[in-house]
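Student: First the structure, then my questions, so here it is.
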Amino acid sequence: EGNSLYTDTKTREACDKYTAGLRVCPLKFTKDRAVLYANRGQMKKVMGLNDQAIKNCSKAIELNPTYLKAILRRAEIYEETDKLDEALKDYQSVLELDPMN
């Protein structure tokens, strides 16, 4: 079921919605904006836009440095794109923030 939700059209629509959310979400709501960036990063990943996915996840982490989901997502993208040193750093950050993860 999850795969069927990630059809190309729905992924692009979701990405556009996250972008629209970022346009209206006040800058002071950094945690909310971090979620929007991380989610948009996931959509970019699904669309095969890994550089943009990394940038979105990085922005999410910049806004909320303890946002594990964004760090893990970026680590996965780094790993998938053979940026293994960067992936390792992110995985280490996850373990430092949440040793039980």
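Labels used: A, B, ... for chains in the order of the structure tokens, numbers from 1 for residues in each chain, and numbers from 1 for ligands as shown.
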Can you list, as a PDB file with N, CA and C atoms, in the first residue's frame, every protein, DNA or RNA residue that comes within 10 Å of Lys45 of chain A when you count only C-alpha atoms, leaving out same-chain residues fewer than 6 positions away?

Tutor:
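part15.pdb, written as the output of this step:
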```
ATOM      1  N   THR A  11       3.561  11.998  -5.510  1.00  0.00           N
ATOM      2  CA  THR A  11       4.807  12.460  -4.904  1.00  0.00           C
ATOM      3  C   THR A  11       5.038  13.927  -5.235  1.00  0.00           C
ATOM      4  N   ASN A  39      10.164  16.302   5.184  1.00  0.00           N
ATOM      5  CA  ASN A  39       9.172  15.606   4.371  1.00  0.00           C
ATOM      6  C   ASN A  39       9.359  15.905   2.890  1.00  0.00           C
ATOM      7  N   ASP A  51      20.332  15.139  -4.656  1.00  0.00           N
ATOM      8  CA  ASP A  51      21.007  16.360  -4.196  1.00  0.00           C
ATOM      9  C   ASP A  51      20.020  17.302  -3.512  1.00  0.00           C
ATOM     10  N   GLN A  52      18.847  17.452  -4.108  1.00  0.00           N
ATOM     11  CA  GLN A  52      17.821  18.298  -3.501  1.00  0.00           C
ATOM     12  C   GLN A  52      17.300  17.675  -2.206  1.00  0.00           C
ATOM     13  N   ALA A  53      17.203  16.364  -2.181  1.00  0.00           N
ATOM     14  CA  ALA A  53      16.765  15.673  -0.969  1.00  0.00           C
ATOM     15  C   ALA A  53      17.740  15.942   0.174  1.00  0.00           C
ATOM     16  N   ILE A  54      19.034  15.841  -0.128  1.00  0.00           N
ATOM     17  CA  ILE A  54      20.056  16.110   0.890  1.00  0.00           C
ATOM     18  C   ILE A  54      19.967  17.553   1.371  1.00  0.00           C
ATOM     19  N   ASN A  56      17.363  19.518   1.432  1.00  0.00           N
ATOM     20  CA  ASN A  56      16.176  19.685   2.272  1.00  0.00           C
ATOM     21  C   ASN A  56      16.378  19.079   3.654  1.00  0.00           C
ATOM     22  N   ARG A  73      17.234  10.138   7.616  1.00  0.00           N
ATOM     23  CA  ARG A  73      16.859  10.217   6.197  1.00  0.00           C
ATOM     24  C   ARG A  73      18.058  10.657   5.361  1.00  0.00           C
ATOM     25  N   ARG A  74      18.769  11.689   5.853  1.00  0.00           N
ATOM     26  CA  ARG A  74      19.946  12.168   5.118  1.00  0.00           C
ATOM     27  C   ARG A  74      21.027  11.099   5.087  1.00  0.00           C
ATOM     28  N   GLU A  76      20.639   7.903   5.077  1.00  0.00           N
ATOM     29  CA  GLU A  76      20.233   6.897   4.089  1.00  0.00           C
ATOM     30  C   GLU A  76      20.525   7.368   2.665  1.00  0.00           C
ATOM     31  N   ILE A  77      20.239   8.632   2.395  1.00  0.00           N
ATOM     32  CA  ILE A  77      20.494   9.166   1.056  1.00  0.00           C
ATOM     33  C   ILE A  77      21.991   9.190   0.785  1.00  0.00           C
TER      34      ILE A  77
END
```

Student: Using DSSP on the backbone, list every residue of chain A that comes out as alpha helix (DSSP H), and give them as a ChimeraX atom specification.

Tutor: /A:2-5,8-24,30-46,50-63,68-80,84-97

Student: To one decimal place, how far is atom CA of Ala38 of chain A from atom CA of Lys17 of chain A in Å?

Tutor: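 Between atom CA of Ala38 of chain A and atom CA of Lys17 of chain A the gap is 12.9 Å.
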
Student: What lies within 8 Å of Tyr91 of chain A using only C-alpha atoms, ignoring chain neighbours under 6 positions off, as a PDB file with C-alpha atoms, in the first residue's frame?

Tutor:
```pdb
ATOM      1  CA  ILE A  71      19.351  12.941  10.239  1.00  0.00           C
ATOM      2  CA  LEU A  72      18.479   9.312   9.497  1.00  0.00           C
ATOM      3  CA  ALA A  75      22.208   9.327   6.239  1.00  0.00           C
TER       4      ALA A  75
END
```

Student: Nearest to Asn64 of chain A: which of A:Leu97, A:Ala34, A:Val46, A:Leu84 is it, counting only C-alpha atoms?

Tutor: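 That would be A:Ala34, the residue with the smallest distance to Asn64 of chain A.
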
Student: Find the residues near segment 21-33 of chain A: any atom within 12 Å, counting only C-alpha atoms, skip ones fewer than 5 places away on the same chain, and give them as a list in words.

Tutor: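 That gives Ala14, Cys15, Asp16, Ala38, Asn39, Arg40, Asn56, Cys57, Lys59, Ala60, Ile61, Glu62, Leu63, Asn64, Pro65, Thr66, Tyr67 and Ala70 of chain A.
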
Student: Could those residues be written to a file, using N, CA, C and O atoms, as a PDB file, in the first residue's frame?

Tutor:
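And here is the file that came out, out13.pdb:
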```
ATOM      1  N   ALA A  14       2.600  16.044  -3.302  1.00  0.00           N
ATOM      2  CA  ALA A  14       3.020  16.151  -1.901  1.00  0.00           C
ATOM      3  C   ALA A  14       4.168  17.138  -1.764  1.00  0.00           C
ATOM      4  O   ALA A  14       4.173  17.971  -0.854  1.00  0.00           O
ATOM      5  N   CYS A  15       5.115  17.057  -2.663  1.00  0.00           N
ATOM      6  CA  CYS A  15       6.255  17.969  -2.638  1.00  0.00           C
ATOM      7  C   CYS A  15       5.779  19.424  -2.752  1.00  0.00           C
ATOM      8  O   CYS A  15       6.236  20.295  -2.016  1.00  0.00           O
ATOM      9  N   ASP A  16       4.838  19.655  -3.658  1.00  0.00           N
ATOM     10  CA  ASP A  16       4.288  21.003  -3.824  1.00  0.00           C
ATOM     11  C   ASP A  16       3.582  21.477  -2.563  1.00  0.00           C
ATOM     12  O   ASP A  16       3.669  22.652  -2.194  1.00  0.00           O
ATOM     13  N   ALA A  38      12.089  18.187   5.950  1.00  0.00           N
ATOM     14  CA  ALA A  38      12.416  16.759   5.952  1.00  0.00           C
ATOM     15  C   ALA A  38      11.443  15.968   5.092  1.00  0.00           C
ATOM     16  O   ALA A  38      11.852  15.075   4.337  1.00  0.00           O
ATOM     17  N   ASN A  39      10.164  16.302   5.184  1.00  0.00           N
ATOM     18  CA  ASN A  39       9.172  15.606   4.371  1.00  0.00           C
ATOM     19  C   ASN A  39       9.359  15.905   2.890  1.00  0.00           C
ATOM     20  O   ASN A  39       9.251  15.013   2.050  1.00  0.00           O
ATOM     21  N   ARG A  40       9.668  17.149   2.590  1.00  0.00           N
ATOM     22  CA  ARG A  40       9.930  17.487   1.191  1.00  0.00           C
ATOM     23  C   ARG A  40      11.189  16.772   0.713  1.00  0.00           C
ATOM     24  O   ARG A  40      11.259  16.308  -0.421  1.00  0.00           O
ATOM     25  N   ASN A  56      17.363  19.518   1.432  1.00  0.00           N
ATOM     26  CA  ASN A  56      16.176  19.685   2.272  1.00  0.00           C
ATOM     27  C   ASN A  56      16.378  19.079   3.654  1.00  0.00           C
ATOM     28  O   ASN A  56      16.029  19.692   4.668  1.00  0.00           O
ATOM     29  N   CYS A  57      16.963  17.904   3.711  1.00  0.00           N
ATOM     30  CA  CYS A  57      17.231  17.277   5.010  1.00  0.00           C
ATOM     31  C   CYS A  57      18.246  18.093   5.801  1.00  0.00           C
ATOM     32  O   CYS A  57      18.111  18.254   7.020  1.00  0.00           O
ATOM     33  N   LYS A  59      18.689  21.308   5.653  1.00  0.00           N
ATOM     34  CA  LYS A  59      17.985  22.485   6.165  1.00  0.00           C
ATOM     35  C   LYS A  59      17.149  22.107   7.387  1.00  0.00           C
ATOM     36  O   LYS A  59      17.110  22.844   8.372  1.00  0.00           O
ATOM     37  N   ALA A  60      16.512  20.958   7.330  1.00  0.00           N
ATOM     38  CA  ALA A  60      15.731  20.495   8.483  1.00  0.00           C
ATOM     39  C   ALA A  60      16.628  20.335   9.708  1.00  0.00           C
ATOM     40  O   ALA A  60      16.267  20.744  10.810  1.00  0.00           O
ATOM     41  N   ILE A  61      17.809  19.769   9.505  1.00  0.00           N
ATOM     42  CA  ILE A  61      18.747  19.553  10.610  1.00  0.00           C
ATOM     43  C   ILE A  61      19.291  20.883  11.121  1.00  0.00           C
ATOM     44  O   ILE A  61      19.475  21.069  12.325  1.00  0.00           O
ATOM     45  N   GLU A  62      19.519  21.810  10.212  1.00  0.00           N
ATOM     46  CA  GLU A  62      19.966  23.146  10.617  1.00  0.00           C
ATOM     47  C   GLU A  62      18.926  23.806  11.525  1.00  0.00           C
ATOM     48  O   GLU A  62      19.271  24.431  12.524  1.00  0.00           O
ATOM     49  N   LEU A  63      17.657  23.634  11.187  1.00  0.00           N
ATOM     50  CA  LEU A  63      16.581  24.227  11.982  1.00  0.00           C
ATOM     51  C   LEU A  63      16.338  23.488  13.289  1.00  0.00           C
ATOM     52  O   LEU A  63      15.917  24.087  14.272  1.00  0.00           O
ATOM     53  N   ASN A  64      16.582  22.184  13.282  1.00  0.00           N
ATOM     54  CA  ASN A  64      16.354  21.365  14.478  1.00  0.00           C
ATOM     55  C   ASN A  64      17.444  20.285  14.532  1.00  0.00           C
ATOM     56  O   ASN A  64      17.251  19.187  14.020  1.00  0.00           O
ATOM     57  N   PRO A  65      18.578  20.616  15.144  1.00  0.00           N
ATOM     58  CA  PRO A  65      19.726  19.709  15.133  1.00  0.00           C
ATOM     59  C   PRO A  65      19.505  18.358  15.804  1.00  0.00           C
ATOM     60  O   PRO A  65      20.290  17.439  15.618  1.00  0.00           O
ATOM     61  N   THR A  66      18.430  18.211  16.560  1.00  0.00           N
ATOM     62  CA  THR A  66      18.157  16.934  17.223  1.00  0.00           C
ATOM     63  C   THR A  66      17.032  16.151  16.533  1.00  0.00           C
ATOM     64  O   THR A  66      16.523  15.182  17.092  1.00  0.00           O
ATOM     65  N   TYR A  67      16.664  16.545  15.344  1.00  0.00           N
ATOM     66  CA  TYR A  67      15.578  15.908  14.607  1.00  0.00           C
ATOM     67  C   TYR A  67      16.096  14.613  13.976  1.00  0.00           C
ATOM     68  O   TYR A  67      16.651  14.596  12.889  1.00  0.00           O
ATOM     69  N   ALA A  70      15.173  13.404  10.317  1.00  0.00           N
ATOM     70  CA  ALA A  70      15.873  14.110   9.239  1.00  0.00           C
ATOM     71  C   ALA A  70      17.319  13.634   9.121  1.00  0.00           C
ATOM     72  O   ALA A  70      17.837  13.463   8.009  1.00  0.00           O
TER      73      ALA A  70
END
```
